[in-house]
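Novice: Enclosed is the structure file work_3.cif (mmCIF, C-alpha atoms).
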```
data_input
#
loop_
_atom_site.label_atom_id
_atom_site.label_comp_id
_atom_site.auth_asym_id
_atom_site.auth_seq_id
_atom_site.Cartn_x
_atom_site.Cartn_y
_atom_site.Cartn_z
CA MET N 732 141.84 -10.21 14.94
CA ILE N 733 138.59 -11.34 16.52
CA GLY N 734 137.13 -7.84 16.16
CA ASP N 735 137.88 -7.81 12.42
CA PHE N 736 136.21 -11.19 12.05
CA PHE N 737 132.99 -10.06 13.71
CA ARG N 738 133.02 -6.78 11.77
CA ARG N 739 133.29 -8.69 8.47
CA LEU N 740 130.54 -11.06 9.59
CA LEU N 741 128.19 -8.19 10.38
CA GLN N 742 128.91 -6.63 6.99
CA ILE N 743 128.15 -9.89 5.23
CA LEU N 744 124.89 -10.31 7.18
CA ALA N 745 123.85 -6.74 6.38
CA LEU N 746 124.55 -7.20 2.68
CA SER N 747 122.68 -10.51 2.70
CA SER N 748 119.66 -8.89 4.37
CA VAL N 749 119.60 -6.09 1.80
CA ALA N 750 119.92 -8.57 -1.06
CA THR N 751 117.11 -10.69 0.40
CA VAL N 752 114.78 -7.70 0.74
CA VAL N 753 115.54 -6.57 -2.83
CA TYR N 754 114.96 -10.09 -4.16
CA LEU N 755 111.64 -10.52 -2.32
CA ASN N 756 110.43 -7.13 -3.50
CA THR N 757 111.23 -7.88 -7.15
CA LEU N 758 108.48 -9.34 -9.33
CA SER N 759 109.03 -10.71 -12.81
CA VAL N 760 106.12 -10.70 -15.28
CA GLY N 761 106.74 -12.85 -18.33
CA ALA N 762 105.07 -12.95 -21.71
CA GLY N 763 101.88 -14.98 -22.08
CA SER N 764 100.66 -14.12 -18.61
CA VAL N 765 99.17 -11.17 -16.77
CA VAL N 766 99.87 -10.44 -13.12
CA LEU N 767 97.35 -8.52 -11.06
CA LEU N 768 98.37 -6.94 -7.77
CA GLN N 769 95.78 -6.21 -5.09
CA SER N 770 96.22 -4.54 -1.74
CA VAL N 771 94.58 -6.54 1.04
CA SER N 772 93.27 -3.36 2.68
CA GLN N 773 91.37 -2.52 -0.54
CA SER N 774 90.17 -6.02 -1.40
CA GLY N 775 86.48 -6.83 -1.31
CA ASP N 776 83.64 -8.37 -3.27
CA GLU N 777 84.15 -5.92 -6.12
CA ASN N 778 87.22 -5.66 -8.30
CA GLN N 779 88.76 -2.93 -6.16
CA GLY N 780 92.40 -2.12 -5.69
CA LEU N 781 93.50 -4.32 -8.61
CA GLU N 782 96.45 -3.20 -10.70
CA VAL N 783 97.48 -4.92 -13.92
CA LEU N 784 101.26 -5.20 -14.15
CA LYS N 785 102.92 -4.98 -17.55
CA PRO N 786 105.49 -7.59 -18.66
CA GLY N 787 108.94 -7.02 -17.26
CA ILE N 788 110.65 -6.73 -13.89
CA ARG N 789 108.97 -4.62 -11.24
CA PHE N 790 110.20 -3.52 -7.83
CA ILE N 791 107.30 -3.40 -5.33
CA PRO N 792 108.12 -2.17 -1.81
CA THR N 793 106.89 -4.31 1.09
CA LEU N 794 105.97 -7.14 -1.26
CA PHE N 795 107.66 -9.60 1.09
CA VAL N 796 105.41 -8.64 4.00
CA PRO N 797 102.96 -11.57 4.53
CA GLY N 798 99.33 -10.62 3.92
CA ARG N 799 100.15 -7.14 2.60
CA TRP N 800 99.50 -7.90 -1.08
CA ARG N 801 97.70 -10.51 -3.15
CA LEU N 802 99.10 -11.63 -6.47
CA TYR N 803 97.03 -13.21 -9.24
CA ARG N 804 98.84 -14.64 -12.26
CA LEU N 805 96.53 -15.27 -15.25
CA ASP N 806 97.57 -17.38 -18.19
CA VAL N 807 96.37 -15.44 -21.27
CA ALA N 808 98.15 -17.56 -23.90
CA PRO N 809 95.97 -19.54 -26.37
CA ARG N 810 94.88 -22.91 -25.01
CA VAL N 811 93.14 -25.90 -26.58
CA GLN N 812 90.31 -27.68 -24.76
CA GLU N 813 88.06 -30.61 -25.62
CA ILE N 814 84.54 -30.19 -24.30
CA SER N 815 81.91 -32.94 -24.17
CA VAL N 816 78.25 -31.97 -24.09
CA LYS N 817 75.28 -34.27 -23.42
CA LEU N 818 71.88 -32.90 -24.49
CA PRO N 819 68.57 -34.60 -23.59
CA LEU N 820 65.61 -34.93 -25.92
CA ARG N 821 62.06 -34.52 -24.65
CA TYR N 822 61.69 -38.10 -23.41
CA SER N 823 65.33 -39.06 -22.84
CA ALA N 824 64.87 -39.30 -19.08
CA TYR N 825 61.81 -41.58 -19.43
CA LEU N 826 63.61 -44.07 -21.67
CA ARG N 827 66.37 -44.69 -19.11
CA LEU N 828 68.71 -46.32 -21.61
CA GLN N 829 71.88 -44.58 -20.48
CA ASP N 830 73.20 -42.34 -23.30
CA PHE N 831 71.53 -43.99 -26.27
CA PHE N 832 68.70 -41.47 -26.61
CA TYR N 833 70.75 -38.34 -25.91
CA VAL N 834 72.40 -35.97 -28.37
CA GLN N 835 76.13 -35.94 -27.64
CA LEU N 836 78.77 -33.57 -28.96
CA ARG N 837 82.53 -33.32 -28.57
CA LEU N 838 84.02 -29.94 -29.40
CA ARG N 839 87.65 -28.96 -29.83
CA VAL N 840 87.96 -25.33 -28.78
CA GLU N 841 90.96 -23.02 -28.93
CA GLY N 842 90.80 -19.64 -27.25
CA GLU N 843 92.62 -17.08 -25.19
CA VAL N 844 91.93 -14.62 -22.39
CA LYS N 845 92.19 -10.99 -23.49
CA ALA N 846 94.94 -9.26 -21.54
CA GLN N 847 93.07 -5.93 -21.53
CA GLU N 848 90.09 -7.66 -19.89
CA ALA N 849 92.16 -9.39 -17.21
CA ILE N 850 90.25 -7.86 -14.28
CA GLN N 851 86.87 -9.02 -15.66
CA ALA N 852 88.35 -12.45 -16.37
CA LEU N 853 89.65 -12.74 -12.80
CA GLY N 854 86.17 -11.92 -11.48
CA ALA N 855 84.68 -14.61 -13.74
CA PHE N 856 87.24 -17.08 -12.37
CA ARG N 857 86.06 -16.19 -8.83
CA PHE N 858 89.53 -14.82 -8.04
CA SER N 859 91.11 -18.22 -8.66
CA PRO N 860 93.16 -18.31 -11.91
CA THR N 861 93.21 -22.12 -11.81
CA ASN N 862 89.46 -22.09 -12.59
CA ARG N 863 90.07 -20.89 -16.16
CA ASP N 864 89.44 -24.18 -17.96
CA LYS N 865 86.43 -25.00 -15.79
CA VAL N 866 84.77 -21.61 -16.34
CA VAL N 867 85.38 -21.69 -20.09
CA GLU N 868 83.95 -25.22 -20.33
CA GLU N 869 80.84 -24.30 -18.30
CA ASN N 870 80.12 -21.27 -20.48
CA LEU N 871 80.54 -23.18 -23.72
CA GLN N 872 78.33 -26.01 -22.47
CA PHE N 873 75.66 -23.48 -21.60
CA LEU N 874 76.00 -21.87 -25.05
CA VAL N 875 75.54 -25.25 -26.77
CA SER N 876 72.54 -26.14 -24.60
CA GLU N 877 70.86 -22.80 -25.20
CA TYR N 878 71.24 -23.06 -28.96
CA PHE N 879 70.07 -26.67 -28.92
CA LEU N 880 66.83 -25.72 -27.17
CA SER N 881 66.14 -23.06 -29.79
CA VAL N 882 66.57 -25.43 -32.77
CA ASN N 883 65.13 -28.65 -31.32
CA THR N 884 61.54 -28.03 -32.43
CA ASN N 885 60.82 -31.26 -34.35
CA GLU N 886 62.16 -34.48 -32.86
CA ALA N 887 60.70 -36.52 -35.71
CA GLU N 888 63.62 -35.44 -37.92
CA LEU N 889 66.69 -35.76 -35.77
CA GLU N 890 68.99 -36.09 -38.78
CA LYS N 891 68.22 -32.48 -39.78
CA LEU N 892 69.00 -31.47 -36.21
CA ALA N 893 72.44 -33.06 -36.53
CA ASN N 894 73.17 -31.12 -39.73
CA THR N 895 72.07 -27.86 -38.09
CA LEU N 896 74.45 -28.44 -35.18
CA LYS N 897 77.33 -29.29 -37.52
CA LEU N 898 76.87 -26.05 -39.47
CA TYR N 899 76.55 -23.89 -36.38
CA PHE N 900 79.56 -25.27 -34.49
CA SER N 901 82.05 -24.93 -37.30
CA ALA N 902 85.03 -22.66 -37.91
CA ALA N 903 83.10 -20.80 -40.64
CA ASN N 904 80.53 -19.66 -38.06
CA LEU N 905 83.13 -18.43 -35.56
CA PRO N 906 82.07 -14.71 -35.61
CA ALA N 907 78.45 -15.61 -34.74
CA LEU N 908 79.64 -17.90 -31.93
CA GLN N 909 81.92 -15.16 -30.58
CA GLU N 910 79.06 -12.65 -30.58
CA ARG N 911 76.76 -15.05 -28.75
CA LEU N 912 79.51 -15.87 -26.24
CA ASP N 913 80.22 -12.17 -25.54
CA LYS N 914 76.55 -11.58 -24.68
CA GLN N 915 76.58 -14.57 -22.37
CA LEU N 916 79.79 -13.56 -20.58
CA ARG N 917 78.58 -9.92 -20.21
CA SER N 918 82.19 -8.92 -20.78
CA PRO N 919 84.26 -9.98 -23.83
CA TRP N 920 87.19 -11.35 -21.83
CA TYR N 921 87.46 -14.61 -23.81
CA LYS N 922 88.27 -14.81 -27.52
CA LEU N 923 87.57 -17.91 -29.60
CA THR N 924 90.33 -18.50 -32.13
CA HIS N 925 89.18 -21.86 -33.48
CA ILE N 926 86.36 -24.37 -32.98
CA GLU N 927 85.84 -27.82 -34.45
CA LEU N 928 83.05 -30.34 -33.98
CA LYS N 929 85.01 -33.55 -33.56
CA GLU N 930 82.09 -35.89 -32.92
CA ILE N 931 78.29 -35.82 -32.83
CA SER N 932 75.86 -38.60 -31.94
CA VAL N 933 72.10 -38.28 -32.58
CA PRO N 934 69.51 -41.06 -31.92
CA ASP N 935 67.80 -42.69 -34.88
CA SER N 936 64.50 -40.91 -35.60
CA ALA N 937 62.46 -44.06 -36.33
CA LEU N 938 63.75 -45.92 -33.27
CA TYR N 939 63.18 -42.90 -31.06
CA ALA N 940 59.62 -42.46 -32.37
CA ALA N 941 58.84 -46.13 -31.69
CA GLN N 942 60.12 -45.86 -28.13
CA ILE N 943 58.11 -42.76 -27.24
CA ARG N 944 54.81 -43.78 -28.88
CA ASN N 945 52.97 -44.29 -25.56
CA LEU N 946 54.97 -41.95 -23.36
CA ASP N 947 52.57 -39.00 -23.63
CA GLU N 948 50.14 -40.69 -21.23
CA VAL N 949 53.00 -41.59 -18.88
CA ALA N 950 54.26 -38.03 -18.86
CA LEU N 951 50.75 -36.70 -18.20
CA ALA N 952 50.26 -39.13 -15.31
CA ASP N 953 53.62 -38.11 -13.83
CA ARG N 954 52.65 -34.48 -14.12
CA ARG N 955 49.38 -35.09 -12.28
CA ALA N 956 51.17 -37.03 -9.57
CA LEU N 957 53.71 -34.23 -9.20
CA LEU N 958 50.98 -31.59 -8.89
CA SER N 959 49.16 -33.72 -6.31
CA GLN N 960 52.36 -34.12 -4.31
CA ILE N 961 52.97 -30.37 -4.43
CA GLU N 962 49.44 -29.70 -3.15
CA LYS N 963 49.90 -32.15 -0.28
CA GLU N 964 53.22 -30.64 0.70
CA SER N 965 51.69 -27.15 0.58
CA ALA N 966 48.83 -28.23 2.85
CA LEU N 967 51.28 -29.82 5.30
CA ALA N 968 53.44 -26.71 5.30
CA LEU N 969 50.37 -24.53 5.99
CA GLU N 970 49.26 -26.80 8.83
CA ARG N 971 52.77 -26.80 10.28
CA LYS N 972 52.84 -23.02 10.19
CA ARG N 973 49.45 -22.87 11.91
CA ASN N 974 50.64 -25.23 14.65
CA LEU N 975 53.78 -23.19 15.22
CA GLU N 976 51.69 -20.05 15.60
CA GLU N 977 49.45 -21.77 18.15
CA ILE N 978 52.48 -23.00 20.10
CA SER N 979 53.98 -19.52 20.09
CA LYS N 980 50.70 -18.05 21.30
CA ALA N 981 50.46 -20.61 24.10
CA GLU N 982 54.04 -19.93 25.20
CA LYS N 983 53.37 -16.19 25.39
CA MET N 984 50.16 -16.80 27.37
CA ALA N 985 52.05 -19.09 29.78
CA ALA N 986 54.67 -16.39 30.34
CA LEU N 987 51.98 -13.77 31.06
CA ILE N 988 50.16 -16.08 33.50
CA LYS N 989 53.43 -16.83 35.27
CA GLU N 990 54.05 -13.11 35.78
CA ASN N 991 50.46 -12.42 36.91
CA PRO N 992 48.60 -15.51 38.22
CA TYR N 993 45.30 -13.55 38.60
CA LEU N 994 45.20 -13.11 34.85
CA LEU N 995 44.11 -16.75 34.53
CA GLU N 996 41.00 -16.16 36.70
CA TYR N 997 40.12 -13.10 34.67
CA TYR N 998 40.58 -15.08 31.46
CA LYS N 999 38.25 -17.85 32.73
CA ILE N 1000 35.54 -15.37 33.70
CA GLU N 1001 35.85 -13.53 30.39
CA LYS N 1002 35.40 -16.77 28.48
CA LEU N 1003 32.55 -18.12 30.63
CA ALA N 1004 30.48 -14.96 31.05
CA PRO N 1005 29.97 -12.37 28.27
CA ASN N 1006 29.29 -9.70 30.95
CA ALA N 1007 32.45 -10.46 32.93
CA GLY N 1008 33.57 -6.88 32.47
CA LYS N 1009 30.65 -5.61 34.62
CA VAL N 1010 31.67 -7.35 37.84
CA VAL N 1011 34.08 -6.49 40.61
CA LEU N 1012 36.62 -9.12 41.51
CA GLY N 1013 37.59 -9.91 45.07
CA PHE N 1014 41.26 -10.22 45.84
CA PRO N 1015 43.09 -12.44 48.33
CA GLU N 1016 44.09 -11.09 51.68
CA ASN N 1017 47.36 -9.11 51.90
CA SER N 1018 47.64 -8.78 48.09
CA GLU N 1019 48.77 -5.65 46.22
CA GLN N 1020 45.22 -5.05 44.96
CA ASN N 1021 43.86 -5.33 48.58
CA PRO N 1022 46.15 -3.02 50.59
CA GLN N 1023 43.70 -2.80 53.54
CA GLY N 1024 43.98 -6.56 54.04
CA ARG N 1025 40.21 -7.22 53.85
CA PRO N 1026 39.29 -10.91 53.68
CA PRO N 1027 37.72 -12.10 50.40
CA GLY N 1028 34.26 -12.62 52.00
CA SER N 1029 34.00 -9.32 53.93
CA ARG N 1030 30.93 -8.07 52.01
CA GLY N 1031 27.43 -9.31 52.72
CA LYS N 1032 24.70 -10.24 50.35
CA ASN N 1033 23.33 -6.70 50.34
CA GLY N 1034 26.73 -5.23 49.46
CA ASN N 1035 27.51 -3.83 52.96
CA GLU N 1036 30.52 -4.80 55.02
CA SER N 1037 29.58 -7.24 57.75
CA LYS N 1038 31.74 -9.70 59.64
CA SER N 1039 28.75 -11.74 60.82
CA GLU N 1040 26.94 -12.04 57.51
CA ALA N 1041 28.37 -14.41 54.90
CA GLY N 1042 28.62 -12.93 51.44
CA GLY N 1043 29.95 -13.70 47.96
CA GLU N 1044 33.23 -12.60 46.49
CA ILE N 1045 31.70 -10.56 43.66
CA ILE N 1046 28.73 -8.19 43.48
CA GLY N 1047 26.92 -6.55 40.62
CA ALA N 1048 28.08 -3.26 39.22
CA GLU N 1049 24.68 -1.67 39.89
CA THR N 1050 24.85 -2.51 43.68
CA LYS N 1051 28.28 -0.90 43.88
CA ALA N 1052 26.96 2.23 42.20
CA ARG N 1053 24.36 2.67 44.92
#
```
Have the structure of the file written as structure tokens, please.

Specialist:
Amino acid sequence: MIGDFFRRLLQILALSSVATVVYLNTLSVGAGSVVLLQSVSQSGDENQGLEVLKPGIRFIPTLFVPGRWRLYRLDVAPRVQEISVKLPLRYSAYLRLQDFFYVQLRLRVEGEVKAQEAIQALGAFRFSPTNRDKVVEENLQFLVSEYFLSVNTNEAELEKLANTLKLYFSAANLPALQERLDKQLRSPWYKLTHIELKEISVPDSALYAAQIRNLDEVALADRRALLSQIEKESALALERKRNLEEISKAEKMAALIKENPYLLEYYKIEKLAPNAGKVVLGFPENSEQNPQGRPPGSRGKNGNESKSEAGGEIIGAETKAR
């Protein structure tokens, strides 16, 4: 009786383990999303080891092993976003009146990620699918800013600038926008399906002209001050570099003198006398350079050894030659 109970229990546990393994190794890919599978051993900075899984149910062995695989689920269904863009005019920063003298746009954008370009899209999202909206918004803001710089050539007629922006960011101009966006993305992984300019705010031309009438001189003075500051900082950086080189040189010299104390005497003589290389130096008693142990003053004035006659520590090179 007890044996049958334990046998049944073991059978149930075995079946449960098998069912658990099968369940953990089964991956379901639904419509409207793309799942990319990457082996950890093949992962790197490049898009290596990535496999795009088709919609359906897939059985992947060892999927339940922690750290063996990485799964990325991208939402490729169409999504609507509202993007606000704030564009400065030439003197907007000088006026310092919050957003009154800025060109502001609010776009309603609908687009989708191309499933066949899922690997490139994942790289653009920096391998984080949750960054989709942020990356799309950044790229569209950059597109708007780039086009604005190309058309903002005459700030005396800001009303014409507003009309130009309205025509460009309209549904009728969608193919041109898509072409420009593809060049910017370097890979056509995002498709614009609809765009609408919901709101645009442009400063009044006459009011803006009155506010910037005397700002040319201010801007020129700021430019001169900036150039002067850059020159001062460059001079300080050069002086700092020179000081660091001197400190490094002194540290190396200190290390050499510590290893060989007699180098300091040689350095003094070389600096004080141009002909220091033509003299013979005396060495202290019992030093490595004086193995015979002669005292420093063992030579007389005439160059001969004499214990009774006092002599100097150095003699001329010509006397030694004789």

Novice: Could you work out how far CA of Lys891 (chain N) lies from CA of Gln872 (chain N), giving the answer in Å with one decimal?

Specialist: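 Value for the CA of Gln872 (chain N)-CA of Lys891 (chain N) distance: 21.1 Å.
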
Novice: Quick check, in Å to one decimal: how far apart do CA of Ser823 (chain N) and CA of Ala902 (chain N) lie?

Specialist: 29.7 Å

Novice: At a cut-off of 8 Å, using all atoms listed in the file, what residues contact Ala846 (chain N)? Leave out same-chain residues fewer than 3 positions from it and give the result as a PDB file with C-alpha atoms, in the coordinates of the input.

Specialist:
```
ATOM      1  CA  VAL N 765      99.170 -11.170 -16.770  1.00  0.00           C
ATOM      2  CA  VAL N 807      96.370 -15.440 -21.270  1.00  0.00           C
ATOM      3  CA  ALA N 849      92.160  -9.390 -17.210  1.00  0.00           C
TER       4      ALA N 849
END
```

Novice: When you look at Arg839 (chain N) with a cut-off of 10 Å (counting all atoms listed in the file), what residues show up, excluding the ones that are within fewer than 5 positions of it in the same chain? I need them as number ranges by chain.

Specialist: N: 811-815, 925-930

Novice: Write to file, as an mmCIF file, keeping the file's coordinate frame, the residues of the selection just made, with C-alpha atoms.

Specialist:
```cif
data_model
loop_
_atom_site.group_PDB
_atom_site.id
_atom_site.type_symbol
_atom_site.label_atom_id
_atom_site.label_comp_id
_atom_site.auth_asym_id
_atom_site.auth_seq_id
_atom_site.Cartn_x
_atom_site.Cartn_y
_atom_site.Cartn_z
ATOM 1 C CA VAL N 811 93.140 -25.900 -26.580
ATOM 2 C CA GLN N 812 90.310 -27.680 -24.760
ATOM 3 C CA GLU N 813 88.060 -30.610 -25.620
ATOM 4 C CA ILE N 814 84.540 -30.190 -24.300
ATOM 5 C CA SER N 815 81.910 -32.940 -24.170
ATOM 6 C CA HIS N 925 89.180 -21.860 -33.480
ATOM 7 C CA ILE N 926 86.360 -24.370 -32.980
ATOM 8 C CA GLU N 927 85.840 -27.820 -34.450
ATOM 9 C CA LEU N 928 83.050 -30.340 -33.980
ATOM 10 C CA LYS N 929 85.010 -33.550 -33.560
ATOM 11 C CA GLU N 930 82.090 -35.890 -32.920
#
```

Novice: Under the PyMOL selection byres ((chain N and resi 870) around 12), which residues of this model are included? Write them out as a ChimeraX atom specification.

Specialist: /N:814,816,855-856,863-869,871-877,908-909,911-917,921

Novice: Written as a PyMOL selection string, which residues does the PyMOL selection byres ((chain N and resi 809) around 10) give for the file shown?

Specialist: chain N and resi 763+806-808+810-811+841-845+922-924

Novice: Tell me which residues the PyMOL selection byres ((chain N and resi 879-890) around 8) grabs here, as JSON, numbers by chain.

Specialist: {"N": [818, 820, 875, 876, 877, 878, 891, 892, 893, 894, 896, 933, 934, 935, 936, 937, 940]}

Novice: Mind pulling up the distance from CA of Leu802 (chain N) to CA of Trp920 (chain N)?

Specialist: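 Interatomic distance here is 19.4 Å.
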
Novice: Mind giving me the axis-aligned box for region 966-985 of chain N with 4 Å on every side, centre plus edges in Å to one decimal, as lines of an AutoDock Vina configuration file?

Specialist:
```
center_x = 51.4
center_y = -23.0
center_z = 16.3
size_x = 13.2
size_y = 21.6
size_z = 34.9
```

Novice: Using all atoms listed in the file, find the one residue out of N:Ala941, N:Leu826, N:Ala907, N:Leu767 that sits nearest to Glu848 (chain N).

Specialist: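 So, comparing all the options, the nearest one is N:Leu767.
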
Novice: Just give me the residues with any atom within 9 Å of (68.9, -34.9, -25.1), file coordinates, counting only C-alpha atoms, written as a VMD selection string.

Specialist: chain N and resid 817 to 824 830 832 to 835 933

Novice: Those same residues, written as a PDB file, in the frame of the given file with C-alpha atoms?

Specialist:
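Dumped everything to result09.pdb:
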```pdb
ATOM      1  CA  LYS N 817      75.280 -34.270 -23.420  1.00  0.00           C
ATOM      2  CA  LEU N 818      71.880 -32.900 -24.490  1.00  0.00           C
ATOM      3  CA  PRO N 819      68.570 -34.600 -23.590  1.00  0.00           C
ATOM      4  CA  LEU N 820      65.610 -34.930 -25.920  1.00  0.00           C
ATOM      5  CA  ARG N 821      62.060 -34.520 -24.650  1.00  0.00           C
ATOM      6  CA  TYR N 822      61.690 -38.100 -23.410  1.00  0.00           C
ATOM      7  CA  SER N 823      65.330 -39.060 -22.840  1.00  0.00           C
ATOM      8  CA  ALA N 824      64.870 -39.300 -19.080  1.00  0.00           C
ATOM      9  CA  ASP N 830      73.200 -42.340 -23.300  1.00  0.00           C
ATOM     10  CA  PHE N 832      68.700 -41.470 -26.610  1.00  0.00           C
ATOM     11  CA  TYR N 833      70.750 -38.340 -25.910  1.00  0.00           C
ATOM     12  CA  VAL N 834      72.400 -35.970 -28.370  1.00  0.00           C
ATOM     13  CA  GLN N 835      76.130 -35.940 -27.640  1.00  0.00           C
ATOM     14  CA  VAL N 933      72.100 -38.280 -32.580  1.00  0.00           C
TER      15      VAL N 933
END
```

Novice: Let me make sure I understand: among N:Leu741, N:Leu969, N:Leu958, N:Val766, which one has the smallest atom-to-atom distance to Leu781 (chain N) if we use all atoms listed in the file?

Specialist: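 So, comparing all the options, the nearest one is N:Val766.
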
Novice: So, counting only C-alpha atoms, which residue among N:Phe831, N:Lys785, N:Met984, N:Arg955 is closest to Leu938 (chain N)?

Specialist: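 When distances to Leu938 (chain N) are compared using only C-alpha atoms, the smallest one comes from N:Phe831.
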
Novice: Name the residues in contact with Leu784 (chain N) at a cut-off of 12 Å, using all atoms listed in the file, excluding same-chain residues fewer than 4 positions from it; report them as an mmCIF file with C-alpha atoms, keeping the file's coordinate frame.

Specialist:
```cif
data_model
loop_
_atom_site.group_PDB
_atom_site.id
_atom_site.type_symbol
_atom_site.label_atom_id
_atom_site.label_comp_id
_atom_site.auth_asym_id
_atom_site.auth_seq_id
_atom_site.Cartn_x
_atom_site.Cartn_y
_atom_site.Cartn_z
ATOM 1 C CA LEU N 758 108.480 -9.340 -9.330
ATOM 2 C CA SER N 759 109.030 -10.710 -12.810
ATOM 3 C CA VAL N 760 106.120 -10.700 -15.280
ATOM 4 C CA GLY N 761 106.740 -12.850 -18.330
ATOM 5 C CA ALA N 762 105.070 -12.950 -21.710
ATOM 6 C CA SER N 764 100.660 -14.120 -18.610
ATOM 7 C CA VAL N 765 99.170 -11.170 -16.770
ATOM 8 C CA VAL N 766 99.870 -10.440 -13.120
ATOM 9 C CA LEU N 767 97.350 -8.520 -11.060
ATOM 10 C CA LEU N 768 98.370 -6.940 -7.770
ATOM 11 C CA GLN N 769 95.780 -6.210 -5.090
ATOM 12 C CA ILE N 788 110.650 -6.730 -13.890
ATOM 13 C CA ARG N 789 108.970 -4.620 -11.240
ATOM 14 C CA PHE N 790 110.200 -3.520 -7.830
ATOM 15 C CA ILE N 791 107.300 -3.400 -5.330
ATOM 16 C CA LEU N 802 99.100 -11.630 -6.470
ATOM 17 C CA TYR N 803 97.030 -13.210 -9.240
ATOM 18 C CA ARG N 804 98.840 -14.640 -12.260
ATOM 19 C CA LEU N 805 96.530 -15.270 -15.250
ATOM 20 C CA ALA N 846 94.940 -9.260 -21.540
ATOM 21 C CA GLN N 847 93.070 -5.930 -21.530
ATOM 22 C CA ALA N 849 92.160 -9.390 -17.210
ATOM 23 C CA ILE N 850 90.250 -7.860 -14.280
#
```
